[in-house]
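Working notes, beginning with the structure itself.
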Protein chains: 4
Amino acid sequence: MRFFSDNAAAACPAVMAALADANQLDTAYDGDVWSQRLDGAFSALFEREVRALWVTTGTAANCLGLAALCPPTGAILCHEQAHIEQDEAGAPGFYTHGAKLTLLPGEGAKVTPETVEEACARVRYDVHQVPPMALSITNATEYGLSYRAEEVAALGEVAKARGLGFHMDGARFANAVAFTKERPAEMTWKAGIDALSFGFVKNGGMNAEALIFFDPEKAEYVPRLRKRAGHLLSKGRFLAAQLLAMVEGDVWLENARNANRAAQALADAAGSERLVHPVEANELFVRMTPEEAASLRAQGYDFYDWAPGEVRLVTSWDQDMRSVERLAAAIAAL
Amino acid sequence: MRFFSDNAAAACPAVMAALADANQLDTAYDGDVWSQRLDGAFSALFEREVRALWVTTGTAANCLGLAALCPPTGAILCHEQAHIEQDEAGAPGFYTHGAKLTLLPGEGAKVTPETVEEACARVRYDVHQVPPMALSITNATEYGLSYRAEEVAALGEVAKARGLGFHMDGARFANAVAFTKERPAEMTWKAGIDALSFGFVKNGGMNAEALIFFDPEKAEYVPRLRKRAGHLLSKGRFLAAQLLAMVEGDVWLENARNANRAAQALADAAGSERLVHPVEANELFVRMTPEEAASLRAQGYDFYDWAPGEVRLVTSWDQDMRSVERLAAAIAAL
Amino acid sequence: MRFFSDNAAAACPAVMAALADANQLDTAYDGDVWSQRLDGAFSALFEREVRALWVTTGTAANCLGLAALCPPTGAILCHEQAHIEQDEAGAPGFYTHGAKLTLLPGEGAKVTPETVEEACARVRYDVHQVPPMALSITNATEYGLSYRAEEVAALGEVAKARGLGFHMDGARFANAVAFTKERPAEMTWKAGIDALSFGFVKNGGMNAEALIFFDPEKAEYVPRLRKRAGHLLSKGRFLAAQLLAMVEGDVWLENARNANRAAQALADAAGSERLVHPVEANELFVRMTPEEAASLRAQGYDFYDWAPGEVRLVTSWDQDMRSVERLAAAIAAL
Amino acid sequence: MRFFSDNAAAACPAVMAALADANQLDTAYDGDVWSQRLDGAFSALFEREVRALWVTTGTAANCLGLAALCPPTGAILCHEQAHIEQDEAGAPGFYTHGAKLTLLPGEGAKVTPETVEEACARVRYDVHQVPPMALSITNATEYGLSYRAEEVAALGEVAKARGLGFHMDGARFANAVAFTKERPAEMTWKAGIDALSFGFVKNGGMNAEALIFFDPEKAEYVPRLRKRAGHLLSKGRFLAAQLLAMVEGDVWLENARNANRAAQALADAAGSERLVHPVEANELFVRMTPEEAASLRAQGYDFYDWAPGEVRLVTSWDQDMRSVERLAAAIAAL
């Protein structure tokens with residue numbers, strides 16, 4: 001039983017059905033009827049007019065979003081554990097033509113208004129230094145913490161005061177919404193977010209992610225950048241259909257709730273002593289001796305070592321609850 | 001009945017079945033069993049060890065291929081009608097960090113050894129000018145002509161003599177192979193091709209294209225570039241499965257034959273007087289007055305105007321032969 | 001006696017004196033008193049408020065100007081013989097992060113409203129093609145022709161109608177002004193020019209060129225780009241002083257008149273039969289058999305072969321009139 | 001009396017004389033006799049065959065050097081206070097097309113083998129993370145410390161073991177050599193340095209810096225990159241002449257000794273209690289209350305506040321020793 005990553009899970013039934021339905025002749029690129037419905041579907045979800053574009057990866061969503069918010073001569077503030085810094089092979093540097101990532105410290109991979117202020121205060125706004133132009137946070141964070149809407153809003157205020165574009169890497173946005181029970185609007189544009197990478201692949205999609213701009217004007221050049229980056233698929237309807245299948249109903253939220261529920265069951269079993277961070281999404285970081293980890297693996301559970309004495313468990317939208325219960329029991333029995 | 005573009009056609013049954021089969025938990029990115037089989041499947045097809053990578057668009061395949069063959073300080077020779085020049089939004093400039101496209105003239109969007117030689121001869125190889133470092137041809141061409149293996153080989157000789165990396169944009173490679181009945185090996189590496197963008201989407205795929213390197217050493221940095229460009233999908237198995245479904249059997253060739261057959265039927269009906277170029281793949285460029293075009297459209301046929309007095313018809317892998325026969329009759333009756 | 005290029009001539013006395021005067025402690029970068037006077041000096045010359053920056057090369061001036069006018073996703077229209085296309089090692093691609101140069105034909109390296117219109121008309125303004133965003137002309141042209149103010153204005157109208165930023169590569173702007181006797185204002189901003197690379201090095205400077213923006217708003221990011229490109233010299237006063245020495249008096253115009261006068265003397269000697277282009281600055285392209293060229297060289301004159309049966313002669317600000325007369329006689333005697 | 005920066009000092013007499021001597025017609029770019037002598041002059045100094053290129057700024061030297069050592073997909077390790085990180089407006093990101101700077105901590109802006117090892121050990125060498133490809137150190141450092149040859153060699157060993165290109169930002173290389181009395185060869189290539197930005201401007205030059213490659217093969221593309229970045233001056237002889245004037249004799253070393261001597265005098269006066277770092281070049285960081293700083297300024301001394309309770313004093317090659325003595329006395333009297 002695999003607890004490696006939600007990245008590798010199956011695609012959910014609604015997505016597979018949508019692909020079958022979309023398998024008919026239509027207009028190429030994003031001229032088809034599915035793609036044309038995207039803005040509307042996400043506007044409904046976010047309770048305001050938004051611009052929604054499909055892409056195939058979170059890296060593409062993040063970097064197109066950042067490229068729209070930060071010029072080559074600027075810096076993007078992000079946590080030192082942010083996915084854009086750690087796991088995207090330098091894609092932000094590619095997409096922004098060399099803008100800088102300025103790294104912020106913080107517990108649980110969370111950015112705070114203080115760390116943002118400090119980073120801005122350190123910079124001389126002359127031509128010799130690189131001025132911060134954007135702020136990017138990940139929600140839920142790389143350590144499975146979920147920002148509350150009011151935390152995002154506090155960051156949004158600093159961003160606005162400092163003239164920073166504000167991006168949210170929502171690879172696990174659904175999990176954060178499911179955990180916090182906040183409205184998507186409160187979590188995003190009402191809190192100052194300009195662009196959201198709204199993740200679907202980890203949450204039951206096959207290969208479609210959404211990039212949302214809350215101010216359509218800021219999205220003006222993004223369709224052209226998407227094409228220029230080779231991310232305008234000719235049969236885009238197969239991406240749009242996936243997103244619609246998940247977002248026009250509650251599939252996106254149901255799937256995230258399932259994953260979160262599995263994580264909570266494991267968290268309860270582990271107990272707060274073992275947990276490195278509170279479990280607020282679908283990832284657990286658990287203190288464990290190498291012997292304990294080996295014992296679990298011997299029982300058939302697969303997961304990553306994260307740091308000395310620490311393992312990472314990730315649950316998926318389709319996590320089999322029986323295997324979860326068995327793993328929970330096995331952890332409790334350590 | 002639509003004769004706009006093969007870009008918008010449905011995905012073929014083998015591809016849909018493969019997606020269903022691949023819908024199970026496996027390793028993320030390209031660590032899954034499907035992706036791991038890619039090199040082998042394409043090596044078998046090309047009769048030598050190759051390196052095969054999936055990507056989602058022809059633009060990504062072309063530009064990753066070109067970035068591997070041409071440094072930022074070089075020029076890529078291509079036809080002035082080449083897709084990389086005309087229809088990729090400047091993606092080559094993005095991926096190569098500003099390398100130049102040097103444009104060659106030629107009938108039917110074909111490049112010849114003479115035009116390549118002339119372009120090289122015009123350049124002073126000092127630091128002031130941009131030296132040609134790569135050659136890119138499209139096969140079948142943007143006007144539906146297919147290079148024969150010996151034509152490619154003649155270009156390959158010039159490329160080798162001039163130190164040019166040699167790339168083939170094979171968005172319709174299958175159609176070219178189906179038409180010429182040449183072996184894929186003869187058409188590519190035996191003729192000097194270093195990198196091939198092997199198109200599947202226009203030919204019945206959903207969203208997977210293959211980028212093939214015949215010298216695995218030249219592909220060394222490409223996986224990293226693919227990731228950096230946001231083109232490493234986390235559920236890559238769904239791309240690999242599509243490619244395998246088409247290439248491990250004869251699906252890729254069958255589909256292309258169907259499209260070509262439909263094009264030939266229309267070509268026969270049009271007659272050589274009307275044809276701007278010989279029909280050697282699945283595209284026709286047909287001389288037609290605006291009144292004639294309007295008459296066909298009134299009968300329910302959709303297609304693009306291409307130039308004054310000229311329309312473009314494209315057939316697809318799944319073109320309904322009855323509609324083709326009716327259109328053929330309608331054209332013959334003009 | 002060398003008629004190779006004005007690029008290699010000496011620096012003029014006013015420049016050498018200015019360097020000596022500036023050789024004292026002052027503020028670094030462009031905070032010194034000389035640099036602070038630049039905007040004023042060029043504003044006086046151009047009869048309006050301008051923003052003037054020093055750089056050390058024409059390539060830097062051209063490319064910073066173009067980067068300010070054209071985004072990475074756009075195309076710059078220029079003549080196929082333009083210096084930015086032929087002799088800057090792809091620097092425009094570097095500075096603009098991969099924007100495209102779209103090449104225009106035309107006699108004497110001149111761009112016309114018609115060729116600009118045609119290039120724009122060929123482009124579909126969708127995300128697949130690269131939209132023209134800037135127009136760059138060279139004055140005097142690479143073949144030594146000078147645009148009249150009304151010709152520039154006609155191009156400026158097209159540029160404005162098409163939404164193109166308008167750049168002038170004025171490596172030999174002084175020669176063009178000296179020849180046409182037009183006011184600098186008429187030749188530039190009154191004719192729609194947004195940015196001018198105002199050349200001084202070929203005209204008696206040591207290593208300072210000026211980049212002029214007629215709308216200071218368009219120059220907003222240029223100081224930062226200049227620094228980012230490594231072109232913000234710490235002892236910038238030595239560049240500013242050169243420019244001031246040439247532009248606050250008539251040195252720039254006197255020097256250009258000298259060079260032009262020498263060119264005219266040679267042109268008169270050559271006669272219109274031999275001249276490939278009218279001589280409107282300080283370059284001559286002269287029809288000559290290899291034997292004739294060899295004969296001149298045997299008499300001690302050095303110059304470049306340009307094309308079969310054609311040589312190029314360039315005169316400098318400090319051309320010794322006696323050697324010019326002797327060469328004129330030698331040409332007349334061929 | 002100004003103790004702001006060595007950046008703003010005058011050019012030294014040898015340089016001014018060399019400019020006058022070079023003010024004659026010669027071949028353009030770097031084809032002149034001065035430029036042609038550069039490799040030889042620096043080869044003599046470094047006791048091996050080197051490749052030496054002139055540029056006009058330290059930023060250009062640093063970034064051309066780094067671009068030659070690190071691909072766009074790599075990371076450059078440097079100190080978090082390094083000039084390339086703090087004061088070059090993101091130029092490394094521009095020149096390397098988005099390579100990353102990975103920042104190392106360390107006293108006095110010094111990099112140690114341990115911090116380099118730790119940075120490398122943190123990276124997974126897969127396609128998701130950015131692999132370190134180069135190491136850059138500044139000597140003397142941004143806090144005025146000089147690496148000894150054996151310290152550089154220890155870093156060179158790590159660099160070699162980890163496959164890192166090794167660059168030295170020697171904006172104040174002369175001061176480091178003057179202080180340590182090490183041979184330039186020991187400080188550089190014998191210690192593993194691949195590329196050196198050898199600073200002249202802060203040390204009495206007007207606007208010429210040298211970029212040295214100890215393995216000419218690694219410099220192969222640099223002349224082309226220099227041109228592409230707009231840094232190939234047409235009258236390059238005026239740069240070459242400056243460098244030759246300083247390096248063919250002992251001017252470079254004499255000037256640095258003068259600056260260092262002035263700094264030592266001030267350091268002695270300040271006493272070790274006040275000094276934040278040992279004084280090993282021509283910069284002092286001195287603890288001082290705002291009142292003390294104000295008192296010195298009231299006596300006519302200008303300098304920068306650096307941090308709360310800390311000021312920076314920089315001495316120059318031409319520092320007037322009487323003003324130094326007076327300032328020393330004033331500091332001692334605080």
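Ordering of the structure tokens sets the chain letters (A, B, ...); residue numbers start at 1 within each chain; ligands are numbered from 1 in the order shown.
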
Contact table chain A vs chain B, cut-off 9 Å, shortest pair per residue, only C-alpha atoms, as CSV:
```
residue,atom,partner,partner_atom,distance
A:Arg2,CA,B:Leu25,CA,8.6
A:Phe4,CA,B:Thr27,CA,8.9
A:Ser5,CA,B:Ala28,CA,8.0
A:Asp6,CA,B:Ala28,CA,8.9
A:Asn7,CA,B:Ser234,CA,5.8
A:Ala8,CA,B:Ala28,CA,4.6
A:Ala9,CA,B:Leu25,CA,4.8
A:Ala10,CA,B:Gln24,CA,4.8
A:Ala11,CA,B:Asn23,CA,6.2
A:Cys12,CA,B:Asn23,CA,8.7
A:Met16,CA,B:Ala20,CA,7.8
A:Leu19,CA,B:Met16,CA,8.7
A:Ala20,CA,B:Met16,CA,7.8
A:Ala22,CA,B:Ala10,CA,8.4
A:Asn23,CA,B:Ala10,CA,5.2
A:Gln24,CA,B:Ala10,CA,4.8
A:Leu25,CA,B:Ala9,CA,4.8
A:Asp26,CA,B:Ala8,CA,5.7
A:Thr27,CA,B:Ala8,CA,5.6
A:Ala28,CA,B:Ala8,CA,4.6
A:Tyr29,CA,B:Ala8,CA,7.9
A:Thr56,CA,B:Leu233,CA,6.9
A:Thr57,CA,B:Leu233,CA,5.9
A:Gly58,CA,B:Gly230,CA,7.6
A:Thr59,CA,B:Gly230,CA,4.9
A:Ala60,CA,B:Gly230,CA,4.6
A:Ala61,CA,B:Gly230,CA,8.3
A:Cys63,CA,B:Gly230,CA,8.1
A:Glu88,CA,B:Arg228,CA,6.3
A:Ala89,CA,B:Arg228,CA,5.0
A:Gly90,CA,B:Arg228,CA,5.9
A:Ala91,CA,B:Arg228,CA,4.3
A:Pro92,CA,B:Arg228,CA,8.1
A:Gly93,CA,B:Arg228,CA,8.8
A:Phe94,CA,B:Arg228,CA,7.0
A:Tyr95,CA,B:Ala229,CA,7.7
A:His97,CA,B:His97,CA,8.7
A:Val201,CA,B:Ser234,CA,7.8
A:Lys202,CA,B:Ser234,CA,8.5
A:Met206,CA,B:Lys235,CA,6.8
A:Asn207,CA,B:Lys235,CA,6.8
A:Arg224,CA,B:Ala89,CA,7.1
A:Leu225,CA,B:Ala89,CA,8.3
A:Lys227,CA,B:Ala89,CA,6.3
A:Arg228,CA,B:Ala91,CA,4.3
A:Ala229,CA,B:Ala91,CA,6.0
A:Gly230,CA,B:Ala60,CA,4.6
A:His231,CA,B:Thr57,CA,6.9
A:Leu232,CA,B:Thr57,CA,7.4
A:Leu233,CA,B:Thr57,CA,5.8
A:Ser234,CA,B:Asn7,CA,5.8
A:Lys235,CA,B:Ala8,CA,5.9
A:Gly236,CA,B:Asn207,CA,8.4
A:Phe238,CA,B:Met206,CA,7.6
```

Requested in this report: Name the residues of range 182-228 of chain B that fall into strand (DSSP E or B) according to DSSP on the backbone, using the chain letters and numbers of this document, as JSON, numbers by chain.
Outcome: {"B": [195, 196, 197, 198, 209, 210, 211, 212, 213]}

Requested in this report: Please provide as a ChimeraX atom specification all residues within 10 Å of Gln36 in chain A, with the sequence filter that same-chain residues fewer than 3 positions apart are discarded (counting only C-alpha atoms).
Outcome: /A:30-33,39-41,52-53,237,240

With N, CA, C and O atoms retained, export the selected residues as a PDB file, in the first residue's frame.
```
ATOM      1  N   ASP A  30      -8.165  26.086 -27.701  1.00  0.00           N
ATOM      2  CA  ASP A  30      -9.164  26.335 -26.663  1.00  0.00           C
ATOM      3  C   ASP A  30     -10.428  26.971 -27.235  1.00  0.00           C
ATOM      4  O   ASP A  30     -11.158  27.660 -26.533  1.00  0.00           O
ATOM      5  N   GLY A  31     -10.680  26.640 -28.499  1.00  0.00           N
ATOM      6  CA  GLY A  31     -11.878  27.171 -29.133  1.00  0.00           C
ATOM      7  C   GLY A  31     -13.098  26.277 -28.948  1.00  0.00           C
ATOM      8  O   GLY A  31     -14.204  26.635 -29.351  1.00  0.00           O
ATOM      9  N   ASP A  32     -12.910  25.144 -28.329  1.00  0.00           N
ATOM     10  CA  ASP A  32     -13.992  24.159 -28.194  1.00  0.00           C
ATOM     11  C   ASP A  32     -14.992  24.566 -27.113  1.00  0.00           C
ATOM     12  O   ASP A  32     -14.732  25.466 -26.308  1.00  0.00           O
ATOM     13  N   VAL A  33     -16.102  23.849 -27.068  1.00  0.00           N
ATOM     14  CA  VAL A  33     -17.169  24.247 -26.137  1.00  0.00           C
ATOM     15  C   VAL A  33     -16.786  24.015 -24.675  1.00  0.00           C
ATOM     16  O   VAL A  33     -17.234  24.749 -23.792  1.00  0.00           O
ATOM     17  N   ASP A  39     -14.164  29.715 -17.999  1.00  0.00           N
ATOM     18  CA  ASP A  39     -14.260  30.976 -17.263  1.00  0.00           C
ATOM     19  C   ASP A  39     -15.543  31.009 -16.450  1.00  0.00           C
ATOM     20  O   ASP A  39     -15.546  31.402 -15.271  1.00  0.00           O
ATOM     21  N   GLY A  40     -16.623  30.573 -17.063  1.00  0.00           N
ATOM     22  CA  GLY A  40     -17.904  30.599 -16.369  1.00  0.00           C
ATOM     23  C   GLY A  40     -17.931  29.684 -15.158  1.00  0.00           C
ATOM     24  O   GLY A  40     -18.402  30.072 -14.072  1.00  0.00           O
ATOM     25  N   ALA A  41     -17.405  28.481 -15.338  1.00  0.00           N
ATOM     26  CA  ALA A  41     -17.464  27.518 -14.238  1.00  0.00           C
ATOM     27  C   ALA A  41     -16.643  28.005 -13.041  1.00  0.00           C
ATOM     28  O   ALA A  41     -17.075  27.899 -11.883  1.00  0.00           O
ATOM     29  N   ALA A  52      -9.873  31.756 -16.469  1.00  0.00           N
ATOM     30  CA  ALA A  52      -9.338  30.425 -16.141  1.00  0.00           C
ATOM     31  C   ALA A  52      -8.712  29.799 -17.369  1.00  0.00           C
ATOM     32  O   ALA A  52      -9.330  29.746 -18.429  1.00  0.00           O
ATOM     33  N   LEU A  53      -7.473  29.338 -17.219  1.00  0.00           N
ATOM     34  CA  LEU A  53      -6.779  28.673 -18.325  1.00  0.00           C
ATOM     35  C   LEU A  53      -6.357  27.279 -17.898  1.00  0.00           C
ATOM     36  O   LEU A  53      -5.877  27.091 -16.785  1.00  0.00           O
ATOM     37  N   ARG A 237      -9.824  20.445 -25.386  1.00  0.00           N
ATOM     38  CA  ARG A 237     -11.107  20.073 -24.775  1.00  0.00           C
ATOM     39  C   ARG A 237     -10.928  18.944 -23.760  1.00  0.00           C
ATOM     40  O   ARG A 237     -11.693  18.829 -22.811  1.00  0.00           O
ATOM     41  N   ALA A 240     -10.051  20.754 -20.561  1.00  0.00           N
ATOM     42  CA  ALA A 240     -11.188  21.522 -20.047  1.00  0.00           C
ATOM     43  C   ALA A 240     -12.243  20.579 -19.463  1.00  0.00           C
ATOM     44  O   ALA A 240     -12.816  20.842 -18.391  1.00  0.00           O
TER      45      ALA A 240
END
```

Query - Surrounding residues of Asp320 in chain D excluding itself and chain neighbours under 6 positions, 10 Å, only C-alpha atoms, as a list of chain:residue names - result: D:Met1, D:Asn258, D:Ala259, D:Ala262

Report task. Go through range 139-203 of chain D and collect every residue that DSSP, computed from the backbone, puts in helix (DSSP H, G or I); the answer should be as a PyMOL selection string. Result -> chain D and resi 149-162+173-180+184-187+189-191+201-203

Query raised in the report: Counting only C-alpha atoms, what is within 12 Å of range 109-116 of chain A, bar same-chain residues fewer than 2 positions away, as JSON, numbers by chain?
Result: {"A": [76, 77, 78, 79, 80, 81, 82, 83, 85, 86, 102, 103, 104, 105, 106, 107, 118, 119, 120, 121, 122, 123, 132, 133, 134, 135, 136, 137, 138, 139, 140, 141, 142, 143, 144, 145, 146, 147, 148, 150, 151, 152, 153, 154, 155, 156, 157, 158, 159, 160, 161, 162, 163, 164, 166, 168, 277]}

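For the pair CA of Glu49 in chain A and CA of Ser197 in chain A, the separation is 16.5 Å.
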
Query - Distance query Gly271 in chain D at most 10 Å, only C-alpha atoms, self and fewer than 3 positions along chain excluded, as a ChimeraX atom specification - result: /D:266-268,274-275,286,331-332

Keeping only N, CA, C and O atoms, write the selected residues as a PDB file, in the first residue's frame.
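In the end it all went to result_36.pdb:
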```pdb
ATOM      1  N   LEU D 266      44.085  53.530   9.134  1.00  0.00           N
ATOM      2  CA  LEU D 266      42.799  53.779   9.792  1.00  0.00           C
ATOM      3  C   LEU D 266      42.450  52.648  10.753  1.00  0.00           C
ATOM      4  O   LEU D 266      41.913  52.885  11.842  1.00  0.00           O
ATOM      5  N   ALA D 267      42.788  51.442  10.373  1.00  0.00           N
ATOM      6  CA  ALA D 267      42.509  50.288  11.234  1.00  0.00           C
ATOM      7  C   ALA D 267      43.289  50.396  12.529  1.00  0.00           C
ATOM      8  O   ALA D 267      42.760  50.139  13.623  1.00  0.00           O
ATOM      9  N   ASP D 268      44.546  50.788  12.429  1.00  0.00           N
ATOM     10  CA  ASP D 268      45.365  50.936  13.635  1.00  0.00           C
ATOM     11  C   ASP D 268      44.758  51.988  14.560  1.00  0.00           C
ATOM     12  O   ASP D 268      44.708  51.820  15.782  1.00  0.00           O
ATOM     13  N   ARG D 274      36.877  48.260  17.792  1.00  0.00           N
ATOM     14  CA  ARG D 274      35.913  48.899  16.885  1.00  0.00           C
ATOM     15  C   ARG D 274      35.727  48.147  15.576  1.00  0.00           C
ATOM     16  O   ARG D 274      34.728  48.334  14.881  1.00  0.00           O
ATOM     17  N   LEU D 275      36.693  47.329  15.201  1.00  0.00           N
ATOM     18  CA  LEU D 275      36.648  46.711  13.867  1.00  0.00           C
ATOM     19  C   LEU D 275      35.724  45.498  13.857  1.00  0.00           C
ATOM     20  O   LEU D 275      35.877  44.573  14.661  1.00  0.00           O
ATOM     21  N   VAL D 286      33.533  49.697  10.771  1.00  0.00           N
ATOM     22  CA  VAL D 286      33.917  50.237  12.073  1.00  0.00           C
ATOM     23  C   VAL D 286      32.687  50.470  12.933  1.00  0.00           C
ATOM     24  O   VAL D 286      31.723  51.102  12.495  1.00  0.00           O
ATOM     25  N   ILE D 331      39.535  59.504  14.454  1.00  0.00           N
ATOM     26  CA  ILE D 331      38.933  58.268  14.961  1.00  0.00           C
ATOM     27  C   ILE D 331      39.514  57.935  16.332  1.00  0.00           C
ATOM     28  O   ILE D 331      38.787  57.590  17.271  1.00  0.00           O
ATOM     29  N   ALA D 332      40.830  58.035  16.429  1.00  0.00           N
ATOM     30  CA  ALA D 332      41.474  57.721  17.707  1.00  0.00           C
ATOM     31  C   ALA D 332      40.949  58.623  18.823  1.00  0.00           C
ATOM     32  O   ALA D 332      40.877  58.218  19.989  1.00  0.00           O
TER      33      ALA D 332
END
```

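Contact shell of Glu292 in chain B at 8 Å (only C-alpha atoms; same-chain neighbours under 4 positions omitted): Met288, Leu296 and Leu334 of chain B.
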
Just all heavy atoms for this one: save the residues we selected as a PDB file, in the first residue's frame.
```pdb
ATOM      1  N   MET B 288      -9.629  27.545 -56.129  1.00  0.00           N
ATOM      2  CA  MET B 288     -11.083  27.579 -56.095  1.00  0.00           C
ATOM      3  C   MET B 288     -11.519  29.038 -56.054  1.00  0.00           C
ATOM      4  O   MET B 288     -10.922  29.840 -55.336  1.00  0.00           O
ATOM      5  CB  MET B 288     -11.542  26.874 -54.803  1.00  0.00           C
ATOM      6  CG  MET B 288     -12.925  26.297 -54.858  1.00  0.00           C
ATOM      7  SD  MET B 288     -13.215  25.287 -53.360  1.00  0.00           S
ATOM      8  CE  MET B 288     -12.489  23.720 -53.829  1.00  0.00           C
ATOM      9  N   LEU B 296     -19.462  24.940 -51.924  1.00  0.00           N
ATOM     10  CA  LEU B 296     -19.145  23.757 -51.101  1.00  0.00           C
ATOM     11  C   LEU B 296     -19.604  23.983 -49.658  1.00  0.00           C
ATOM     12  O   LEU B 296     -20.139  23.075 -49.012  1.00  0.00           O
ATOM     13  CB  LEU B 296     -17.646  23.467 -51.124  1.00  0.00           C
ATOM     14  CG  LEU B 296     -17.078  22.959 -52.465  1.00  0.00           C
ATOM     15  CD1 LEU B 296     -15.579  22.711 -52.313  1.00  0.00           C
ATOM     16  CD2 LEU B 296     -17.785  21.668 -52.902  1.00  0.00           C
ATOM     17  N   LEU B 334     -17.855  20.940 -59.492  1.00  0.00           N
ATOM     18  CA  LEU B 334     -17.758  22.422 -59.476  1.00  0.00           C
ATOM     19  C   LEU B 334     -17.686  22.979 -60.891  1.00  0.00           C
ATOM     20  O   LEU B 334     -16.996  22.424 -61.742  1.00  0.00           O
ATOM     21  CB  LEU B 334     -16.508  22.850 -58.679  1.00  0.00           C
ATOM     22  CG  LEU B 334     -16.645  22.752 -57.159  1.00  0.00           C
ATOM     23  CD1 LEU B 334     -15.319  23.091 -56.491  1.00  0.00           C
ATOM     24  CD2 LEU B 334     -17.741  23.668 -56.646  1.00  0.00           C
TER      25      LEU B 334
END
```

Query raised in the report: If you measure from CA of Lys218 in chain B to CA of Cys70 in chain B, what distance in Å do you get, rounded to one decimal?
Result: 11.0 Å

**Report entry** Interatomic distance (Å, one decimal) between CA of Val177 in chain A and CA of Ala75 in chain A
**Finding:** 28.4 Å
